[in-house]
Amino acid sequence: MNPHYINQGMAAHNQGYGGGPPQGYGGMPPSGTLPMGQRPPVSQGQSMYNGQPGAGPYGQPPLKQDLPHQLYGGGLHMQNGPQQGMASGPHGDRYGSSMSPRIQQRPPQPSMGQFQRGPVPLGPQGPAPGQITNQMGSMNLGGIPQGLGMPQTSMGHPTTMGNQYTGQQNTQQGRLQNPPTSMGMQGPSGGTPTSMGMLGPPTLQGIPGQSPQRMTAPGPPAVSTQGPPMVGSQPSIYGVPTSSPNYSMGGPPTSMMQGTPITAMAGPPPMPGQPPHLQHPPMAQNVTTTGPMMSVGNYSQMDNMPPTSMSNQYGAPPLSPPGVGPTPSTPPFANQPNVGGSMHNRPQMGMQPTMQSQPRRLDPDQMPSPIQVIQDDKKSRSGVFQTAQRGSVPPLVTTPFVTQDQGNCNPRFMRATMYNIPCTADLLKQSHIPMALSITPFAQLQANEHPPPLVNLGELGPVRCNRCKAYMCPFMEFVDGGRRFQCVFCSCSTEVPAEYFAHLDHTGKRVDCYDRPELCLGSYEIVGTKDYCKDGILPKPPAFIFMIDVSYNSVKSGLVHLLCERLKSDILVNLPKETGAEESEIRVGFVTYSNVIHFYNVKGALAQPQMLVVSDVQDMFVPLLDGFLVKLSESEAVIDSLLAQIPQMFGDTRETETILGPVVQAGLEALKAADCAGKLYIFHSSLPIADAPGKLRNRDDRKLLGTEKEKTILTPQNNFYTKLGQECVVAGCSVDLFLFPNSYIDVATVSEVCKVTGGQVYKYNYFQADLDGHRFLEDLKSNVERPVAFDAIMRVRTSTGIRPVDFWGNFYMSNTTDVELASVDSDKSVAVEIKHDDKLSEQDGAYIQAAVLFTSISGQRRLRIHNLALNCCTQLPDVFRNCELDILVNALCKKALQDVLSIPPKEVREKLMNTCAQILACYRKNCASPSSAGQLILPECMKLLPLYTNCIIKSDAVQGASDTSTDDRSYLMHLLNAMDVSTTNVFFYPRLMALHNVEVESTTVPPMIRCSVEKLQDSGVYLLENGLSMFMWIGMNVSSDWVHSVFGVQSAAQIDIDKSQLLDLDNLLSHRIRNIVKKIREERRRYMKLTIVRQRDKLEPWFHHFLVEDKGANGTASYVDFLCHIHKEIRSLLS
């Protein structure tokens, strides 16, 4: 059975419902250590997310890897731009091959190295001398087995295209750490790069107007696997006996689970229990002889079987679901020792060996690499990014750059999927690329970037267009000697107020243009007048209310004691304040609760705090006004006394039932009574089952995850918390939930109040103060001290011809245009989809303005305005040349989250795959020059789209493994919904780096390596992080000196994996490793708990879960296989 793919009949078995989860690599521990369908045991305080095993996957800013480059073809050089004597060709990546003669001479065999970019003029005679296009023949990527959720389509012979690989000897040494932007294959002995199978050789091709990038690498002649054999070629080899290699375990398993060709069938062998009509019939193949060995364009799916010699580690992978026997054609690999590894010869079952086969497989290192893309962008785009030019594509989010605002906003505030918009809706529809924005209006800037300046026009207030109400910006054109301005958004001419008038210079610009931020900058703030306030009354400073669960679970875990001990000294002293202010204007209040609610009077004049108890939770009210919300400086002594008394008052409580709805109502009523906006910090421990509004029942049923009924447990039980959140938004009351559950708490329902108000959810499973307290306090401190805006309304305005139609994120919309957020901070992002409602003009371009009306932390009503100008085009190549993939991925994942709650999971996956295939098929059809259908051609800016699409599909937020709890799934969906682009970047493709070979004198983070088990050495130590979780994987053969320097013990087996803090040892290596961990944590929004994972430990499958280029334990495809499948879909669309 091929663990890459499962058909629908086996989905339940492989995903852990209706049977145990699959055992084997990346799966669950062997039987005997864990009951089927359960997660591996973790120590107390360990959860799946927030630094615990099992979050979701995808990539992060790596640092540059300076590796020696070995050049093919005698020193070709990377180039961009057209070359003399050669027409500018499309710019992109092309993978595949064209038809080639059956027998050719094998070219010279240099060692593996860096593919070179540069034009390869191809004429009738083929490439120029020394530039041999990298061949990928003898590998049929036209067909992938069913089970990816896509309909089975066929090319050439009906239903004959199968995903076919041959194994290849694997060595960890000599692999490219910096794979090029091309795809290639290593030869059977690790020497000559052999043909690589995107149905042909990889070449690079892109958009007219830019120089083509072609891969030049020696290899054997291409083997076309389309249709019937060529004249003179070998006949169909179905059923021809071949000899198969002997197997021995050599090194860790690869993402391909490399094995060997088992049969010469043109399709994958049937899965166990698969009905005959789903099995693949034979298909004629072309055979190319390249010396004494015969290269057969035929690859068996059984290559991808995990080596069963690993059964001592995880348990042998089951060949078939319980009660289903293998079909006669299924090789009985599970009972064979030492499957996978070095390739020798072993007779195939039921056949006599009559000819030698040459083992080959796709080398994952030659696939398009996010690491290479990130490094290339850092080399070329680091430094200063100037925003003066319309439609400038900014550097990647992983590139360190400083923005110089010259009229368009900093890309940290607003980015677009495309910076050259199609002029017509038909052209946009043809491209299949969603036109979307990612807006983070209060994004955190770099230290040397200037925040948006504050403009105060006094009683005049903001200057706006009379018709569309757009705010003054650098795009407005002044006419009639400066007495009127023409709006760039609606073309209306508006009279300039007399107080705002200025003369124009000889260029038509106002003479005070560079004295007014709103006339020369892309981002700025303007002080609002009373017209911008509720009921025409200027707002009061906001308030924070801390609401602490004092039930038995909270007290027992140490939460109440820890929080009261550290709240004032670590948290309240960091309340946000205006720049230059001596103290914060924010007021604070305190509430405790279990099944009743306790309010506290902490007025500064009191000697001791006073408690007021509200036991009638059915009709909530606030028993006091004066003394509940106070400034910290005025009531410091009383607050100290209160926080000292709370643990004593509730230390002996036996109350286990809690409420939650009335707690939110109490905070809301308190803010209403004080007539101010604010935020509720609620620290809650268990499912609210006490008899009160918002009471919930336990409806957890993990077996529903992954089925069509999963939305019944991923949507709220009722609309109580949704409606409560809407009431909070109206009052400017935001809710942040800190959850400390030991069991099901129904995150899908209780998080609604956070989602609607623009709040956040933090979750600490099995919380213990001594193990998780530091992480919790760091998260709370970061939340409290970051800049925040309250009672915010955002509106996105666009120029004529386009309009915003859909919004994704955590917010509330009472109409179709206004995004309402009770609070908004630097972590909140909103994705906006834009569509045409008219034709656009290339000359005029397109303009977008995002305006946020908010209350500052000092209580001032302000507007923050961000402007962006985009180009327009009539040609698809211009669209593809100016796209940004990270924003596309951010938009696709949020769209998928919306779909998860309404359509079956299979359709969600199919939708993502279809979008990916259609985008690339459009590029192939309309932008690439004619070539063989066997070539996979990718646009330069989207060559990683298949990788990231697969990462979204594999993500626990979208798909959810059988070992993911219902609450964890809902929690991840909530987080992902509000993530900005830089956070989704590392969430989907985690950052993996080696620690065993770091330079102790260096201060930088080690270079990033690809997320695959192939990169792990038994003698190595690796750090992996995805913004939510951090793992340190320690090989069993790691140097004892390294272990002693970092952990203070003699061997890896003696390391205490329950400790999440590294020891402070007095040596250079210990200091260096701790600095790396600290630096990575500082880059992330949430404090990541470090989880130590030893090789072959019970937690290792969770670590493997994040190696997103490999196959997933829940049957999801590896990167290589997914790329093959997408290629098949592209060919199907083009045919």
# chains A, B, ... in the order shown; residues from 1 in each chain; ligands from 1
call {"tool": "residues_around", "arguments": {"residues": "Thr1003 in chain A", "least_positions_apart": "2", "cutoff": "9 Å", "atoms": "only C-alpha atoms", "output": "list in words"}}
result
Glu999, Val1000, Glu1001, Val1005, Arg1072, Asn1075 and Ile1076 of chain A
call {"tool": "residues_around", "arguments": {"residues": "Leu704 in chain A", "least_positions_apart": "6", "cutoff": "9 Å", "atoms": "only C-alpha atoms", "output": "PDB file with N, CA, C and O atoms, in the first residue's frame"}}
result
ATOM      1  N   TYR A  17     -10.193   7.502  12.035  1.00  0.00           N
ATOM      2  CA  TYR A  17     -11.558   7.306  12.461  1.00  0.00           C
ATOM      3  C   TYR A  17     -12.058   6.074  11.746  1.00  0.00           C
ATOM      4  O   TYR A  17     -11.899   5.913  10.563  1.00  0.00           O
ATOM      5  N   GLU A 710     -17.679  17.123   9.850  1.00  0.00           N
ATOM      6  CA  GLU A 710     -16.778  17.811  10.765  1.00  0.00           C
ATOM      7  C   GLU A 710     -17.221  19.245  11.063  1.00  0.00           C
ATOM      8  O   GLU A 710     -16.934  19.775  12.138  1.00  0.00           O
ATOM      9  N   LYS A 711     -17.924  19.861  10.127  1.00  0.00           N
ATOM     10  CA  LYS A 711     -18.339  21.240  10.376  1.00  0.00           C
ATOM     11  C   LYS A 711     -19.322  21.355  11.537  1.00  0.00           C
ATOM     12  O   LYS A 711     -19.484  22.428  12.106  1.00  0.00           O
ATOM     13  N   THR A 712     -19.964  20.230  11.908  1.00  0.00           N
ATOM     14  CA  THR A 712     -20.906  20.293  13.035  1.00  0.00           C
ATOM     15  C   THR A 712     -20.182  20.518  14.362  1.00  0.00           C
ATOM     16  O   THR A 712     -20.781  21.022  15.303  1.00  0.00           O
ATOM     17  N   ILE A 713     -18.892  20.142  14.442  1.00  0.00           N
ATOM     18  CA  ILE A 713     -18.159  20.399  15.682  1.00  0.00           C
ATOM     19  C   ILE A 713     -17.138  21.524  15.521  1.00  0.00           C
ATOM     20  O   ILE A 713     -16.499  21.918  16.494  1.00  0.00           O
TER      21      ILE A 713
END
call {"tool": "closest_residue", "arguments": {"among": "A:Thr800, A:Gln717, A:Asn1026, A:Gln372", "to": "Glu1083 in chain A", "atoms": "only C-alpha atoms"}}
result
A:Asn1026
call {"tool": "closest_atom_pairs", "arguments": {"of": "range 786-826 of chain A", "to": "range 885-903 of chain A", "cutoff": "10 Å", "atoms": "only C-alpha atoms", "output": "tab-separated table"}}
result
residue	atom	partner	partner_atom	distance
A:Asp806	CA	A:Lys895	CA	9.7
A:Phe807	CA	A:Lys895	CA	9.5
A:Trp808	CA	A:Lys894	CA	6.4
A:Gly809	CA	A:Lys894	CA	7.6
call {"tool": "write_last_selection", "arguments": {"atoms": "N, CA, C and O atoms", "output": "compact mmCIF listing (two decimals), in the first residue's frame"}}
result
# COMPACT_ATOMS: atom_id res chain seq x y z
N ASP A 806 -15.03 40.87 -0.69
CA ASP A 806 -15.02 39.87 0.39
C ASP A 806 -13.92 40.21 1.38
O ASP A 806 -12.84 40.70 0.99
N PHE A 807 -14.17 39.93 2.65
CA PHE A 807 -13.21 40.23 3.71
C PHE A 807 -13.01 38.98 4.57
O PHE A 807 -13.97 38.29 4.90
N TRP A 808 -11.76 38.69 4.91
CA TRP A 808 -11.44 37.53 5.75
C TRP A 808 -10.61 37.98 6.94
O TRP A 808 -9.65 38.72 6.80
N GLY A 809 -10.99 37.50 8.11
CA GLY A 809 -10.24 37.84 9.32
C GLY A 809 -11.14 37.72 10.53
O GLY A 809 -12.27 37.21 10.46
call {"tool": "closest_atom_pairs", "arguments": {"of": "range 495-558 of chain A", "to": "range 456-471 of chain A", "cutoff": "12 Å", "atoms": "only C-alpha atoms", "output": "tab-separated table"}}
result
residue	atom	partner	partner_atom	distance
A:Glu495	CA	A:Asn466	CA	8.6
A:Val496	CA	A:Val463	CA	8.1
A:Pro497	CA	A:Val463	CA	8.0
A:Ala498	CA	A:Leu460	CA	10.0
A:Glu499	CA	A:Leu460	CA	7.8
A:Tyr500	CA	A:Val463	CA	8.4
A:Phe501	CA	A:Val463	CA	11.1
A:Arg516	CA	A:Asn456	CA	10.5
A:Pro517	CA	A:Asn456	CA	10.8
A:Glu518	CA	A:Tyr471	CA	8.8
A:Leu519	CA	A:Tyr471	CA	10.6
A:Gly522	CA	A:Tyr471	CA	11.8
A:Ser523	CA	A:Tyr471	CA	11.6
A:Tyr524	CA	A:Asn456	CA	10.9
A:Glu525	CA	A:Asn456	CA	8.6
A:Ile526	CA	A:Asn456	CA	5.8
A:Val527	CA	A:Asn456	CA	5.2
A:Gly528	CA	A:Gly461	CA	6.0
A:Thr529	CA	A:Gly461	CA	5.8
A:Lys530	CA	A:Glu459	CA	8.9
A:Asp531	CA	A:Gly461	CA	8.9
A:Tyr532	CA	A:Gly461	CA	9.3
call {"tool": "select_by_dssp", "arguments": {"residues": "range 470-647 of chain A", "states": "alpha helix (DSSP H)", "output": "list in words"}}
result
Pro517, Glu518, Leu519, Cys520, Tyr552, Asn553, Ser554, Val555, Lys556, Leu559, Val560, His561, Leu562, Leu563, Cys564, Glu565, Arg566, Glu636, Ala637, Val638, Ile639, Asp640, Ser641, Leu642, Leu643, Ala644, Gln645, Ile646 and Pro647 of chain A
call {"tool": "residues_around", "arguments": {"residues": "Glu583 in chain A", "least_positions_apart": "5", "cutoff": "12 Å", "atoms": "only C-alpha atoms", "output": "list in words"}}
result
Leu572, Val573, Asn574, Leu575, Pro576, Lys577, Glu578, Lys631, Leu632, Ser633, Glu634, Ile857 and Ser858 of chain A
